[in-house]
>>> print(open('upload_30.cif').read())   # mmCIF, C-alpha atoms
data_entry
loop_
_atom_site.label_atom_id
_atom_site.label_comp_id
_atom_site.auth_asym_id
_atom_site.auth_seq_id
_atom_site.Cartn_x
_atom_site.Cartn_y
_atom_site.Cartn_z
CA MET A 68 -3.34 1.03 14.32
CA CYS A 69 -0.83 3.42 12.78
CA HIS A 70 -1.89 6.08 10.29
CA GLU A 71 -0.32 4.19 7.37
CA ILE A 72 -2.98 1.49 7.80
CA ARG A 73 -5.82 3.91 8.58
CA ASN A 74 -5.35 6.19 5.55
CA PRO A 75 -7.41 4.18 3.02
CA LEU A 76 -10.15 3.81 5.65
CA ASN A 77 -10.16 7.59 6.09
CA GLY A 78 -10.74 7.81 2.33
CA VAL A 79 -13.65 5.37 2.62
CA LEU A 80 -15.22 7.36 5.47
CA GLY A 81 -14.75 10.69 3.68
CA ASN A 82 -16.35 9.49 0.46
CA ALA A 83 -19.15 7.75 2.40
CA ASP A 84 -19.95 11.09 4.08
CA LEU A 85 -20.10 12.84 0.71
CA LEU A 86 -22.27 10.06 -0.69
CA ASN A 87 -24.67 10.44 2.22
CA ILE A 88 -24.96 14.19 1.55
CA THR A 89 -25.97 13.67 -2.09
CA LEU A 90 -28.50 11.01 -1.04
CA GLN A 91 -30.05 13.46 1.42
CA LYS A 92 -30.35 16.07 -1.33
CA ARG A 93 -32.17 13.61 -3.58
CA GLU A 94 -34.42 12.53 -0.72
CA GLN A 95 -35.46 16.15 -0.12
CA ILE A 96 -36.33 16.67 -3.78
CA ILE A 97 -38.35 13.44 -3.97
CA LYS A 98 -40.24 14.24 -0.77
CA SER A 99 -41.07 17.71 -2.06
CA ARG A 100 -42.60 16.14 -5.22
CA ASP A 101 -41.25 19.14 -7.09
CA PHE A 102 -39.93 17.64 -10.32
CA SER A 103 -39.20 20.88 -12.08
CA GLU A 104 -36.53 21.03 -14.75
CA SER A 105 -34.01 22.49 -12.29
CA ASN A 106 -34.66 19.75 -9.72
CA ILE A 107 -34.35 17.00 -12.31
CA ALA A 108 -31.03 18.51 -13.36
CA ALA A 109 -29.96 18.54 -9.69
CA LEU A 110 -30.94 14.86 -9.37
CA LEU A 111 -28.89 13.91 -12.40
CA GLU A 112 -25.92 15.92 -11.13
CA SER A 113 -26.07 14.19 -7.74
CA ILE A 114 -26.13 10.77 -9.42
CA SER A 115 -23.02 11.73 -11.37
CA GLU A 116 -21.34 12.82 -8.13
CA ASP A 117 -22.33 9.52 -6.52
CA ARG A 118 -20.52 7.61 -9.26
CA GLU A 119 -17.35 9.57 -8.52
CA PHE A 120 -17.62 8.87 -4.79
CA ILE A 121 -18.26 5.17 -5.43
CA ASP A 122 -15.22 5.01 -7.72
CA ALA A 123 -13.13 6.61 -4.98
CA LEU A 124 -14.52 4.14 -2.43
CA GLN A 125 -13.55 1.25 -4.66
CA THR A 126 -10.05 2.69 -5.14
CA CYS A 127 -9.59 3.11 -1.39
CA ALA A 128 -10.83 -0.40 -0.68
CA SER A 129 -8.56 -1.91 -3.32
CA HIS A 130 -5.54 -0.25 -1.71
CA GLN A 131 -6.51 -1.14 1.86
CA LYS A 132 -5.30 -4.70 1.60
CA ALA A 133 -1.95 -3.64 0.18
CA ILE A 134 -1.39 -0.95 2.81
CA SER A 135 -2.53 -3.16 5.70
CA GLU A 136 0.28 -5.53 4.74
CA ASP A 137 2.97 -2.96 5.63
CA VAL A 138 4.06 -4.84 8.71
CA LEU A 139 4.31 -8.11 6.79
CA CYS A 140 6.15 -6.26 4.07
CA GLN A 141 8.69 -5.00 6.58
CA ALA A 142 9.18 -8.51 7.96
CA LYS A 143 9.67 -9.95 4.46
CA ILE A 144 12.26 -7.30 3.60
CA ASP A 145 14.10 -7.90 6.88
CA SER A 146 14.19 -11.65 6.21
CA GLY A 147 15.29 -11.21 2.59
CA LYS A 148 12.14 -12.96 1.32
CA MET A 149 10.42 -10.01 -0.38
CA GLN A 150 9.54 -10.86 -3.98
CA LEU A 151 8.46 -8.20 -6.45
CA MET A 152 5.48 -9.00 -8.70
CA PRO A 153 5.79 -7.09 -11.99
CA VAL A 154 2.60 -6.45 -13.98
CA LYS A 155 1.82 -4.25 -16.95
CA PHE A 156 0.26 -0.87 -16.13
CA GLU A 157 0.19 2.79 -17.20
CA PRO A 158 2.19 5.01 -14.78
CA CYS A 159 0.18 8.16 -15.57
CA HIS A 160 -3.06 6.35 -14.84
CA LEU A 161 -1.58 5.03 -11.60
CA ALA A 162 -0.69 8.56 -10.45
CA GLN A 163 -4.26 9.73 -11.13
CA GLU A 164 -5.70 6.68 -9.39
CA VAL A 165 -3.66 7.21 -6.22
CA LEU A 166 -4.39 10.95 -6.07
CA LYS A 167 -8.09 10.23 -6.54
CA MET A 168 -8.03 8.18 -3.37
CA PHE A 169 -7.37 11.40 -1.44
CA SER A 170 -9.71 13.62 -3.47
CA SER A 171 -12.45 13.98 -0.85
CA GLU A 172 -9.95 14.74 1.93
CA LEU A 173 -8.11 17.30 -0.19
CA LYS A 174 -11.37 18.96 -1.17
CA ARG A 175 -12.69 18.99 2.38
CA LYS A 176 -9.47 20.51 3.74
CA ARG A 177 -9.30 23.07 0.91
CA PHE A 178 -5.99 21.95 -0.57
CA GLU A 179 -4.81 23.34 -3.87
CA THR A 180 -3.93 20.23 -5.87
CA LYS A 181 -1.73 20.01 -8.93
CA ILE A 182 -0.81 16.98 -11.00
CA GLN A 183 1.72 17.14 -13.83
CA LEU A 184 2.01 14.16 -16.16
CA PRO A 185 3.67 13.42 -19.50
CA GLU A 186 1.43 14.20 -22.48
CA LYS A 187 1.49 10.56 -23.56
CA ASP A 188 1.17 7.60 -21.20
CA MET A 189 2.91 4.29 -21.83
CA THR A 190 2.72 0.71 -20.64
CA VAL A 191 5.46 -0.49 -18.33
CA ALA A 192 6.10 -3.69 -16.35
CA ALA A 193 6.81 -3.19 -12.65
CA ASP A 194 5.33 -3.96 -9.24
CA LYS A 195 2.25 -1.73 -9.39
CA VAL A 196 1.09 -2.59 -5.87
CA ARG A 197 4.41 -1.62 -4.30
CA ILE A 198 4.66 1.61 -6.30
CA SER A 199 1.12 2.47 -5.18
CA GLN A 200 2.12 1.68 -1.61
CA ILE A 201 5.05 4.10 -1.82
CA LEU A 202 2.95 6.89 -3.34
CA ILE A 203 0.18 6.44 -0.76
CA ASN A 204 2.64 6.61 2.13
CA ILE A 205 4.33 9.76 0.85
CA LEU A 206 1.08 11.51 -0.12
CA SER A 207 -0.39 10.68 3.27
CA ASN A 208 2.57 12.32 4.98
CA ALA A 209 2.42 15.33 2.68
CA ILE A 210 -1.24 15.92 3.53
CA LYS A 211 -0.81 15.24 7.23
CA PHE A 212 2.08 17.66 7.70
CA THR A 213 0.54 20.39 5.53
CA ILE A 214 -2.70 20.69 7.51
CA GLY A 215 -2.61 24.07 9.26
CA SER A 216 -0.76 25.80 6.45
CA PRO A 217 -2.49 29.07 5.44
CA HIS A 218 -2.33 28.00 1.79
CA PRO A 219 -2.11 24.19 1.72
CA LYS A 220 -0.82 22.86 -1.59
CA ILE A 221 0.04 19.38 -2.87
CA SER A 222 1.60 18.59 -6.22
CA LEU A 223 2.32 15.24 -7.86
CA CYS A 224 4.62 15.13 -10.87
CA LEU A 225 5.66 12.15 -13.00
CA SER A 226 8.65 12.02 -15.30
CA ILE A 227 9.34 8.99 -17.49
CA VAL A 228 13.08 8.91 -18.22
CA PRO A 229 14.38 6.47 -20.86
CA VAL A 230 17.43 4.44 -19.81
CA ASN A 231 17.77 2.33 -22.94
CA SER A 232 15.54 0.82 -25.63
CA THR A 233 13.76 -1.48 -23.16
CA THR A 234 14.03 0.32 -19.78
CA VAL A 235 12.71 3.56 -18.29
CA ASN A 236 12.93 5.17 -14.88
CA LEU A 237 9.69 6.37 -13.28
CA GLN A 238 10.28 9.50 -11.21
CA TYR A 239 7.29 10.46 -9.06
CA THR A 240 7.80 13.78 -7.25
CA ILE A 241 5.49 14.92 -4.45
CA GLU A 242 5.76 18.46 -3.08
CA ASP A 243 3.81 20.20 -0.33
CA THR A 244 3.73 23.43 1.68
CA GLY A 245 4.03 21.66 5.03
CA ILE A 246 6.00 22.34 8.20
CA GLY A 247 9.36 21.30 6.74
CA MET A 248 12.29 19.63 8.51
CA THR A 249 15.67 20.59 9.89
CA GLU A 250 18.84 19.00 8.49
CA GLU A 251 19.07 16.88 11.62
CA GLU A 252 15.50 15.62 11.17
CA GLN A 253 16.17 14.85 7.49
CA ALA A 254 19.13 12.68 8.50
CA HIS A 255 16.75 10.34 10.38
CA LEU A 256 13.88 10.55 7.87
CA PHE A 257 13.97 6.94 6.66
CA GLU A 258 14.91 5.19 9.90
CA GLN A 259 12.60 2.42 11.08
CA PHE A 260 10.07 3.40 13.82
CA THR A 261 11.58 6.90 13.96
CA GLN A 262 9.88 10.29 13.73
CA ALA A 263 11.43 13.72 13.29
CA ASN A 264 11.02 14.64 16.96
CA SER A 265 9.09 13.59 20.04
CA GLY A 266 6.36 16.16 19.40
CA ILE A 267 5.44 14.69 16.00
CA PHE A 268 3.66 11.67 17.46
CA TYR A 269 1.54 13.76 19.83
CA SER A 270 0.64 16.28 17.11
CA PHE A 271 0.21 14.00 14.09
CA GLY A 272 0.28 10.36 15.21
CA GLY A 273 1.89 7.58 13.18
CA CYS A 274 4.54 4.99 14.00
CA GLY A 275 7.39 6.04 11.71
CA LEU A 276 7.20 2.95 9.51
CA GLY A 277 5.84 4.09 6.15
CA LEU A 278 8.86 6.03 4.86
CA ASN A 279 11.27 3.29 5.85
CA ILE A 280 9.21 0.76 3.89
CA SER A 281 8.98 3.18 0.94
CA LYS A 282 12.74 3.63 0.84
CA ARG A 283 13.49 -0.07 1.03
CA LEU A 284 10.90 -0.96 -1.62
CA THR A 285 12.36 1.69 -3.92
CA GLU A 286 15.83 0.21 -3.42
CA LEU A 287 14.50 -3.28 -4.18
CA MET A 288 13.04 -2.04 -7.47
CA GLY A 289 16.35 -0.48 -8.44
#
>>> encode(input="upload_30.cif", output="structure tokens")
Amino acid sequence: MCHEIRNPLNGVLGNADLLNITLQKREQIIKSRDFSESNIAALLESISEDREFIDALQTCASHQKAISEDVLCQAKIDSGKMQLMPVKFEPCHLAQEVLKMFSSELKRKRFETKIQLPEKDMTVAADKVRISQILINILSNAIKFTIGSPHPKISLCLSIVPVNSTTVNLQYTIEDTGIGMTEEEQAHLFEQFTQANSGIFYSFGGCGLGLNISKRLTELMG
């Protein structure tokens, strides 16, 4: 399957590996029967870490269904039958939730990560699942094409721009220190089943579907 569908599973596997490491640490302490103050503190710390990994696992799993529906999503858009499902949510919390999905991978690959959010969150009504889908696709690409950089960096910024008394625009900006693109490659960036050049597939994989879906979903949401 293409990388767009595999990404949440990679998050599951990464967090499962980290969870296994903390379990091994606890097992070693218990087997040693050394319940000194420092070891008890280490046990409590590992339990706290486990909770974070489990939260990330749950986040990844919750997104897997949405991302695995990319192909169906494309078919619905093509047929004109895509229906948006607005729900109330907090856009700042959503940004943190999506970035958390990649936390183990970013940590393991030594990325410098920055998130910039408005000081005060707010409740909006929009299609949360589709916005998450867009952010996941773009973040996945940002990470994938930044691997190999001497100083890999990812930043996620959210701006909430009022339009009128009842409407705001959500502007999520993702930046990275990746390989970049030529003007010619940028011209084909959002084409269906298209990648920047023939070497991209062999180096990075993927089927060139995620950005096309992201663009068309964004256009549907106005």
>>> atom_distance(input="upload_30.cif", atom1="CA of Met168 (chain A)", atom2="CA of Asn208 (chain A)")
14.1 Å
>>> residues_around(input="upload_30.cif", residues="Asn82 (chain A)", least_positions_apart="2", cutoff="7 Å", atoms="all atoms listed in the file", output="PDB file with C-alpha atoms, in the frame of the given file")
ATOM      1  CA  GLY A  78     -10.740   7.810   2.330  1.00  0.00           C
ATOM      2  CA  VAL A  79     -13.650   5.370   2.620  1.00  0.00           C
ATOM      3  CA  LEU A  80     -15.220   7.360   5.470  1.00  0.00           C
ATOM      4  CA  ASP A  84     -19.950  11.090   4.080  1.00  0.00           C
ATOM      5  CA  LEU A  85     -20.100  12.840   0.710  1.00  0.00           C
ATOM      6  CA  LEU A  86     -22.270  10.060  -0.690  1.00  0.00           C
ATOM      7  CA  PHE A 120     -17.620   8.870  -4.790  1.00  0.00           C
ATOM      8  CA  ALA A 123     -13.130   6.610  -4.980  1.00  0.00           C
ATOM      9  CA  LEU A 124     -14.520   4.140  -2.430  1.00  0.00           C
ATOM     10  CA  SER A 171     -12.450  13.980  -0.850  1.00  0.00           C
TER      11      SER A 171
END
>>> closest_residue(input="upload_30.cif", among="A:Ile201, A:Val138, A:Ala193, A:Cys224", to="Met288 (chain A)", atoms="only C-alpha atoms")
A:Ala193
>>> residues_near_point(input="upload_30.cif", point="(0.7, 24.4, 0.4)", cutoff="10 Å", atoms="only C-alpha atoms", output="ChimeraX atom specification")
/A:178-180,209-210,213-222,242-246
>>> axis_aligned_box(input="upload_30.cif", around="region 203-210 of chain A", padding_each_side="5 Å", output="lines of an AutoDock Vina configuration file")
center_x = 1.5
center_y = 11.2
center_z = 2.1
size_x = 15.6
size_y = 19.5
size_z = 15.7
>>> atom_distance(input="upload_30.cif", atom1="CA of Ala192 (chain A)", atom2="CA of Arg283 (chain A)")
19.2 Å
>>> atom_distance(input="upload_30.cif", atom1="CA of His160 (chain A)", atom2="CA of Lys143 (chain A)")
28.3 Å
>>> closest_residue(input="upload_30.cif", among="A:Ala162, A:Leu110, A:Cys140, A:Ile121", to="Ile203 (chain A)", atoms="all atoms listed in the file")
A:Ala162
>>> residues_around(input="upload_30.cif", residues="Thr190 (chain A)", least_positions_apart="4", cutoff="7 Å", atoms="only C-alpha atoms", output="MDAnalysis selection string")
chainID A and resid 155:157
>>> resolve_selection(input="upload_30.cif", expression="the PyMOL selection byres ((chain A and resi 185) around 7)", output="list in words")
Leu184, Glu186, Lys187, Asp188, Leu225 and Ser226 of chain A
>>> residues_around(input="upload_30.cif", residues="Met152 (chain A)", least_positions_apart="3", cutoff="10 Å", atoms="all atoms listed in the file", output="PyMOL selection string")
chain A and resi 149+192-197
>>> closest_residue(input="upload_30.cif", among="A:Thr89, A:Thr233, A:Ser105, A:Ser170", to="Asn77 (chain A)", atoms="all atoms listed in the file")
A:Ser170
